[in-house]
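J.: I'd like to ask some things about the structure below.
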Amino acid sequence: MAHVLGIDIGGTGIKAAPVDLSTGTLVAERVKIDTPRPAVPAAVAGVVRELVVGFAWTGPAGITFPGVVTDGVIRTAANVDKSWIDLDARELLAKATGLTVTMINDADAAGLAEIKFGAGAGQKGTVLMLTLGTGIGSALFYDGVLVPNTEFGHIEIRGREAEKRASELVREEQELSWGKWAGRVDEYLEHMQMLLSPQLVIIGGGVSRKSGKFLPLLTGLRAPVVPAAMHNDAGIVGAAMAAAS
């Protein structure tokens, strides 16, 4: 199984591309379609089908979801419609696409890609991957092994969920300066350090492309904080990896 289709369902966009599993690279140009509003299951399934048809794909597919996923069933849905909760997404999307489908949490997928092919390759011990986007996703690894569905973006800081203070969406909506936003990210990372003592922190999501604007402003961590090497492609690659495992 050299090539697998990876589909990354996010709060704002749904992205897809076939992935070469031996190198972790996309073998065709990534296609992105806006996430439907509201992001109800039938509408999202329609977009996923459209992406599959666009690539004329007939093999297996890995699909991410922005929430807790256990055995293909969605357990939380913070940044999409609540009607996903307790839905068998694997069954829904397999029926919509006609494909064999594997479901995985979106941040876990991005983490898998970074641990194998990106910024976490070869790193022993505890590695924390955080995706700063519509919300904050998290993926936790020990010696390269994933601890799934951690959802550390919902940890409370100053009486609010961390992702409601320090996500990329909040920075844009509140028009925060990079310095002010970095202060919030710093506070969040210090909290995660206290809980987990990671040896490496990887920052992913779309904002990882702008890491030079905020990573130098972070001061509170003992562990190195590095940008994701695969940027926003990590979720697609990790989704494909999950389908092959």
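Following the order of the structure tokens, chains are lettered A, B, ..., residues in each are numbered from 1, and ligands are numbered from 1.
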Excluding range 106-122 of chain A and any residue of its chain fewer than 4 positions from it, enumerate the residues within 8 Å of it, using only C-alpha atoms, and give them as an NGL selection string.
T.: :A and (8-10 or 23-24 or 64-67 or 127 or 129-131 or 137-140 or 144 or 146 or 148-149 or 200 or 202 or 204 or 226-230 or 233-239 or 241-242)
J.: Using only C-alpha atoms, which protein or nucleic acid residues come within 12 Å of Thr219 in chain A? Drop anything in the same chain fewer than 6 positions from it, and give the result as a list in words.
T.: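 That gives Gly179, Ala182, Gly183, Arg184, Val185, Asp186, Glu187, Tyr188, Leu189, Glu190 and Val225 of chain A.
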J.: From a DSSP calculation on the backbone, collect every residue of range 60-236 of chain A in strand (DSSP E or B) and output the set as JSON, numbers by chain.
T.: {"A": [61, 62, 63, 64, 65, 69, 70, 73, 74, 88, 101, 102, 103, 104, 105, 126, 127, 128, 129, 130, 131, 132, 136, 137, 138, 139, 140, 141, 142, 145, 146, 147, 156, 157, 160, 161, 200, 201, 202, 203, 204, 225, 226, 227]}
J.: When DSSP works through the backbone of this structure, what residues of range 43-137 of chain A end up as alpha helix (DSSP H), shown as number ranges by chain?
T.: A: 43-54, 89-97, 106-117
J.: Near range 96-104 of chain A, counting only C-alpha atoms, which residues have an atom at most 7 Å away, once you skip same-chain residues fewer than 3 positions from it, shown as a PyMOL selection string?
T.: chain A and resi 45+49+52+58-65+69+72+90+92-93+108-109+239+242-243
J.: Selected residues, N, CA and C atoms, written as a short mmCIF file (atom, residue, chain, number, x, y, z; two decimals), in the first residue's frame, please.
T.:
```cif
data_model
loop_
_atom_site.label_atom_id
_atom_site.label_comp_id
_atom_site.auth_asym_id
_atom_site.auth_seq_id
_atom_site.Cartn_x
_atom_site.Cartn_y
_atom_site.Cartn_z
N ALA A 45 -20.00 15.08 4.98
CA ALA A 45 -19.86 13.85 4.19
C ALA A 45 -19.93 14.16 2.69
N ARG A 49 -17.00 13.31 0.04
CA ARG A 49 -17.28 12.57 -1.20
C ARG A 49 -16.77 13.35 -2.42
N VAL A 52 -13.06 12.93 -2.74
CA VAL A 52 -12.72 11.57 -3.21
C VAL A 52 -12.97 11.46 -4.71
N THR A 58 -9.99 5.20 -5.43
CA THR A 58 -10.69 3.93 -5.19
C THR A 58 -10.06 3.10 -4.08
N GLY A 59 -8.90 3.51 -3.58
CA GLY A 59 -8.22 2.75 -2.53
C GLY A 59 -8.68 3.15 -1.15
N PRO A 60 -7.92 2.78 -0.11
CA PRO A 60 -8.27 3.17 1.26
C PRO A 60 -8.07 4.66 1.50
N ALA A 61 -8.78 5.18 2.51
CA ALA A 61 -8.64 6.59 2.87
C ALA A 61 -8.56 6.72 4.38
N GLY A 62 -7.71 7.63 4.85
CA GLY A 62 -7.66 8.00 6.25
C GLY A 62 -8.26 9.38 6.41
N ILE A 63 -9.10 9.55 7.42
CA ILE A 63 -9.82 10.82 7.59
C ILE A 63 -9.67 11.30 9.03
N THR A 64 -9.28 12.56 9.21
CA THR A 64 -9.18 13.13 10.55
C THR A 64 -10.50 13.77 10.95
N PHE A 65 -10.65 13.99 12.26
CA PHE A 65 -11.81 14.70 12.80
C PHE A 65 -11.36 15.56 13.97
N VAL A 69 -12.01 10.60 18.86
CA VAL A 69 -12.49 9.52 17.99
C VAL A 69 -12.10 8.19 18.62
N GLY A 72 -13.80 4.78 15.39
CA GLY A 72 -14.59 5.39 14.32
C GLY A 72 -15.76 6.23 14.79
N ARG A 90 -17.03 6.65 10.83
CA ARG A 90 -16.41 5.72 9.89
C ARG A 90 -17.47 5.12 8.97
N LEU A 92 -20.54 6.39 8.34
CA LEU A 92 -21.12 7.47 7.53
C LEU A 92 -20.24 7.79 6.32
N LEU A 93 -18.94 7.95 6.54
CA LEU A 93 -18.04 8.40 5.47
C LEU A 93 -17.67 7.25 4.53
N ASP A 108 -3.84 14.16 16.53
CA ASP A 108 -3.11 12.89 16.60
C ASP A 108 -2.51 12.56 15.23
N ALA A 109 -3.28 12.79 14.18
CA ALA A 109 -2.79 12.53 12.82
C ALA A 109 -1.58 13.41 12.51
N ALA A 239 -3.28 11.16 8.54
CA ALA A 239 -4.52 10.44 8.24
C ALA A 239 -4.24 9.23 7.37
N ALA A 242 -2.54 6.52 9.36
CA ALA A 242 -3.48 5.80 10.23
C ALA A 242 -4.23 4.72 9.45
N ALA A 243 -4.54 5.03 8.19
CA ALA A 243 -5.27 4.06 7.37
C ALA A 243 -4.40 2.84 7.02
#
```
J.: Which polymer residues have any atom within 10 Å of an atom of range 154-156 of chain A, counting only C-alpha atoms, with same-chain residues fewer than 4 positions away left out, as a list in words?
T.: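 Close residues of range 154-156 of chain A: Ala78, Gly135, Ile136, Gly137, Ser138, Thr150, Arg160, Glu161, Ala162, Glu163, Lys164, Arg165, Tyr188, His191 and Met192 of chain A.
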J.: Hey, can you check how far CA of Gly206 in chain A sits from CA of Tyr142 in chain A?
T.: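 According to the coordinates, CA of Gly206 in chain A and CA of Tyr142 in chain A are separated by 24.7 Å.
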J.: Would you mind telling me which residue in A:Leu87, A:Leu26, A:Val68, A:Leu215 lies nearest to Phe152 in chain A when using only C-alpha atoms?
T.: A:Val68
J.: Please determine, counting only C-alpha atoms, which residue among A:Ser83, A:Thr12, A:Gln199, A:Asn105 has the shortest atom-to-atom distance to Pro36 in chain A.
T.: A:Thr12
J.: Go through A:Gly46, A:Gly6, A:Pro41, A:Gly220 one by one, measure the shortest atom-to-atom distance of each to Val19 in chain A using only C-alpha atoms, and give the residue with the smallest value.
T.: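 Ranked by minimum distance to Val19 in chain A, first place goes to A:Gly6.
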J.: Nearest residue to Leu217 in chain A out of A:Leu128, A:Gly153, A:Trp178, A:Gln193, using only C-alpha atoms?
T.: A:Trp178
J.: Between A:Ala16, A:Leu21, A:Val48, A:Ala77, which is the closest to Ser245 in chain A once you count only C-alpha atoms?
T.: A:Leu21
J.: Go through A:Gly133, A:Ala39, A:Asp71, A:Thr126 one by one, measure the shortest atom-to-atom distance of each to Trp84 in chain A using only C-alpha atoms, and give the residue with the smallest value.
T.: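 Answer, going by the shortest atom-to-atom distance: A:Ala39.
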J.: To one decimal in Å, tell me the separation between CA of Ala94 in chain A and CA of Ala17 in chain A.
T.: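 Atom-to-atom, CA of Ala94 in chain A and CA of Ala17 in chain A are spaced 17.2 Å apart.
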